[in-house]
Amino acid sequence: MAVPAFAPEVPTLVLEPTEEAPRLARRFLAERFAEWGIEDDYVGRLVVCELVTNAYRHGEGPIVVRVFRDERDGLVVVEVWDAGEGRPVVRAADGAATTGRGLLLVTQLVRAWGVRPLIEGGRVAWAKLR
């Protein structure tokens, strides 16, 4: 997947698909929140970490993270792009499982979320924070 060009005003981070990607994405989000004067970034860091972890584990190619405020309501939107073709699935809660709860947690913490295909191939998972 070629990394798409973005408008310069939208903060964007391109990551290699490594185990360092979630940590770097959390730091990127925390820096954006600090720039905007938002003190509580806990949910944002958790959401970006889960979405980037899914891209790292189940996606392909570079991971693109965008964090911006929706012009209509001022809420923060987190987008995570990768070249994978599959769609993330929210699994039912399983007390015996050691993984697979990330998207279920995200759905409980955000105002809205979803996944859409990219014209150039791949997908973008997004979440609008409360």
# chains A, B, ... in the order shown; residues from 1 in each chain; ligands from 1
$ residues_around --residues "Leu75 of chain A" --least-positions-apart "3" --cutoff "9 Å" --atoms "only C-alpha atoms" --output "compact mmCIF listing (two decimals) with all heavy atoms, in the first residue's frame"
# COMPACT_ATOMS: atom_id res chain seq x y z
N PHE A 68 -7.35 13.87 14.98
CA PHE A 68 -7.85 15.21 14.67
C PHE A 68 -9.18 15.45 15.36
O PHE A 68 -9.77 14.54 15.91
CB PHE A 68 -8.00 15.39 13.15
CG PHE A 68 -8.92 14.40 12.50
CD1 PHE A 68 -10.27 14.68 12.32
CD2 PHE A 68 -8.44 13.16 12.06
CE1 PHE A 68 -11.11 13.75 11.72
CE2 PHE A 68 -9.28 12.24 11.46
CZ PHE A 68 -10.62 12.53 11.29
N ARG A 69 -9.61 16.70 15.34
CA ARG A 69 -10.89 17.06 15.94
C ARG A 69 -11.92 17.22 14.83
O ARG A 69 -11.66 17.86 13.82
CB ARG A 69 -10.76 18.34 16.74
CG ARG A 69 -9.84 18.11 17.95
CD ARG A 69 -9.71 19.32 18.77
NE ARG A 69 -10.67 19.22 19.87
CZ ARG A 69 -10.54 19.85 21.01
NH1 ARG A 69 -9.51 20.61 21.22
NH2 ARG A 69 -11.43 19.71 21.95
N ASP A 70 -13.07 16.61 15.04
CA ASP A 70 -14.18 16.72 14.09
C ASP A 70 -14.67 18.16 14.10
O ASP A 70 -15.01 18.70 15.15
CB ASP A 70 -15.30 15.76 14.51
CG ASP A 70 -16.42 15.68 13.50
OD1 ASP A 70 -16.80 16.71 12.92
OD2 ASP A 70 -16.95 14.57 13.31
N GLU A 71 -14.69 18.79 12.94
CA GLU A 71 -15.09 20.19 12.84
C GLU A 71 -16.54 20.42 13.26
O GLU A 71 -16.91 21.51 13.68
CB GLU A 71 -14.89 20.70 11.41
CG GLU A 71 -13.45 20.75 11.00
CD GLU A 71 -13.28 21.17 9.55
OE1 GLU A 71 -14.29 21.45 8.87
OE2 GLU A 71 -12.13 21.20 9.10
N ARG A 72 -17.38 19.39 13.15
CA ARG A 72 -18.80 19.55 13.47
C ARG A 72 -19.09 19.60 14.96
O ARG A 72 -19.95 20.34 15.40
CB ARG A 72 -19.61 18.43 12.82
CG ARG A 72 -19.56 18.49 11.28
CD ARG A 72 -20.07 17.22 10.70
NE ARG A 72 -19.10 16.17 11.06
CZ ARG A 72 -19.05 14.99 10.51
NH1 ARG A 72 -19.93 14.65 9.60
NH2 ARG A 72 -18.14 14.11 10.86
N LYS A 128 -14.41 7.71 17.43
CA LYS A 128 -14.67 9.08 17.89
C LYS A 128 -14.80 9.01 19.40
O LYS A 128 -15.64 8.31 19.94
CB LYS A 128 -15.93 9.65 17.27
CG LYS A 128 -16.18 11.09 17.71
CD LYS A 128 -17.43 11.68 17.09
CE LYS A 128 -17.08 12.24 15.74
NZ LYS A 128 -18.18 13.12 15.25
N LEU A 129 -13.91 9.75 20.07
CA LEU A 129 -13.88 9.73 21.52
C LEU A 129 -15.01 10.57 22.10
O LEU A 129 -15.46 11.53 21.48
CB LEU A 129 -12.53 10.24 22.03
CG LEU A 129 -11.30 9.51 21.46
CD1 LEU A 129 -10.04 10.09 22.05
CD2 LEU A 129 -11.38 8.02 21.69
N ARG A 130 -15.41 10.24 23.31
CA ARG A 130 -16.47 11.02 23.99
C ARG A 130 -15.92 12.31 24.51
O ARG A 130 -14.78 12.44 24.80
CB ARG A 130 -17.04 10.22 25.16
CG ARG A 130 -17.72 8.99 24.67
CD ARG A 130 -18.25 8.18 25.82
NE ARG A 130 -18.61 6.90 25.28
CZ ARG A 130 -19.65 6.19 25.62
NH1 ARG A 130 -20.43 6.62 26.54
NH2 ARG A 130 -19.92 5.07 25.06
$ closest_atom_pairs --of "segment 28-104 of chain A" --to "segment 18-21 of chain A" --cutoff "8 Å" --atoms "only C-alpha atoms" --output "Markdown table"
| residue | atom | partner | partner_atom | distance |
| --- | --- | --- | --- | --- |
| A:Val52 | CA | A:Ala21 | CA | 6.9 |
| A:Thr53 | CA | A:Ala21 | CA | 7.6 |
| A:Tyr56 | CA | A:Thr18 | CA | 6.5 |
$ residues_around --residues "Asp40 of chain A" --least-positions-apart "4" --cutoff "12 Å" --atoms "only C-alpha atoms" --output "count of residues only"
12
$ select_by_dssp --residues "segment 1-123 of chain A" --states "strand (DSSP E or B)" --output "PDB file with C-alpha atoms, in the first residue's frame"
ATOM      1  CA  THR A  12      -0.321  12.053  10.979  1.00  0.00           C
ATOM      2  CA  LEU A  13       2.188   9.416  12.079  1.00  0.00           C
ATOM      3  CA  VAL A  14       3.495   6.595   9.861  1.00  0.00           C
ATOM      4  CA  LEU A  15       4.742   3.539  11.750  1.00  0.00           C
ATOM      5  CA  ILE A  63       0.472   1.709   9.910  1.00  0.00           C
ATOM      6  CA  VAL A  64      -0.812   5.261   9.532  1.00  0.00           C
ATOM      7  CA  VAL A  65      -2.243   7.016  12.598  1.00  0.00           C
ATOM      8  CA  ARG A  66      -4.230  10.251  12.338  1.00  0.00           C
ATOM      9  CA  VAL A  67      -5.619  12.207  15.266  1.00  0.00           C
ATOM     10  CA  PHE A  68      -7.853  15.211  14.665  1.00  0.00           C
ATOM     11  CA  ARG A  69     -10.888  17.058  15.936  1.00  0.00           C
ATOM     12  CA  VAL A  76     -11.381  13.833  18.834  1.00  0.00           C
ATOM     13  CA  VAL A  77     -11.233  11.213  16.084  1.00  0.00           C
ATOM     14  CA  VAL A  78      -8.522   8.545  15.979  1.00  0.00           C
ATOM     15  CA  GLU A  79      -7.898   6.775  12.660  1.00  0.00           C
ATOM     16  CA  VAL A  80      -5.564   3.823  12.097  1.00  0.00           C
ATOM     17  CA  TRP A  81      -4.863   2.741   8.516  1.00  0.00           C
ATOM     18  CA  ASP A  82      -3.158  -0.407   7.251  1.00  0.00           C
ATOM     19  CA  VAL A 110     -16.020   5.617  22.540  1.00  0.00           C
ATOM     20  CA  ARG A 111     -18.956   7.531  21.147  1.00  0.00           C
ATOM     21  CA  ALA A 112     -18.759   5.760  17.767  1.00  0.00           C
ATOM     22  CA  TRP A 113     -16.355   3.540  15.850  1.00  0.00           C
ATOM     23  CA  GLY A 114     -16.116   1.657  12.600  1.00  0.00           C
ATOM     24  CA  VAL A 115     -14.004   0.298   9.793  1.00  0.00           C
ATOM     25  CA  ARG A 116     -14.083   1.314   6.147  1.00  0.00           C
ATOM     26  CA  PRO A 117     -12.148   0.112   3.102  1.00  0.00           C
ATOM     27  CA  ARG A 123      -8.735  -0.299   5.581  1.00  0.00           C
TER      28      ARG A 123
END
$ residues_around --residues "Gly121 of chain A" --least-positions-apart "3" --cutoff "8 Å" --atoms "only C-alpha atoms" --output "PyMOL selection string"
chain A and resi 1+83-85+117-118
$ atom_distance --atom1 "atom CA of Glu16 of chain A" --atom2 "atom CA of Ala127 of chain A"
21.2 Å
$ atom_distance --atom1 "atom CA of Ala92 of chain A" --atom2 "atom CA of Arg26 of chain A"
26.0 Å
$ atom_distance --atom1 "atom CA of Glu50 of chain A" --atom2 "atom CA of Pro62 of chain A"
16.1 Å
$ closest_residue --among "A:Ala55, A:Val124, A:Val47, A:Ile119" --to "Leu103 of chain A" --atoms "only C-alpha atoms"
A:Val47
$ select_by_dssp --residues "segment 13-125 of chain A" --states "helix (DSSP H, G or I)" --output "ChimeraX atom specification"
/A:21-36,42-58,102-109
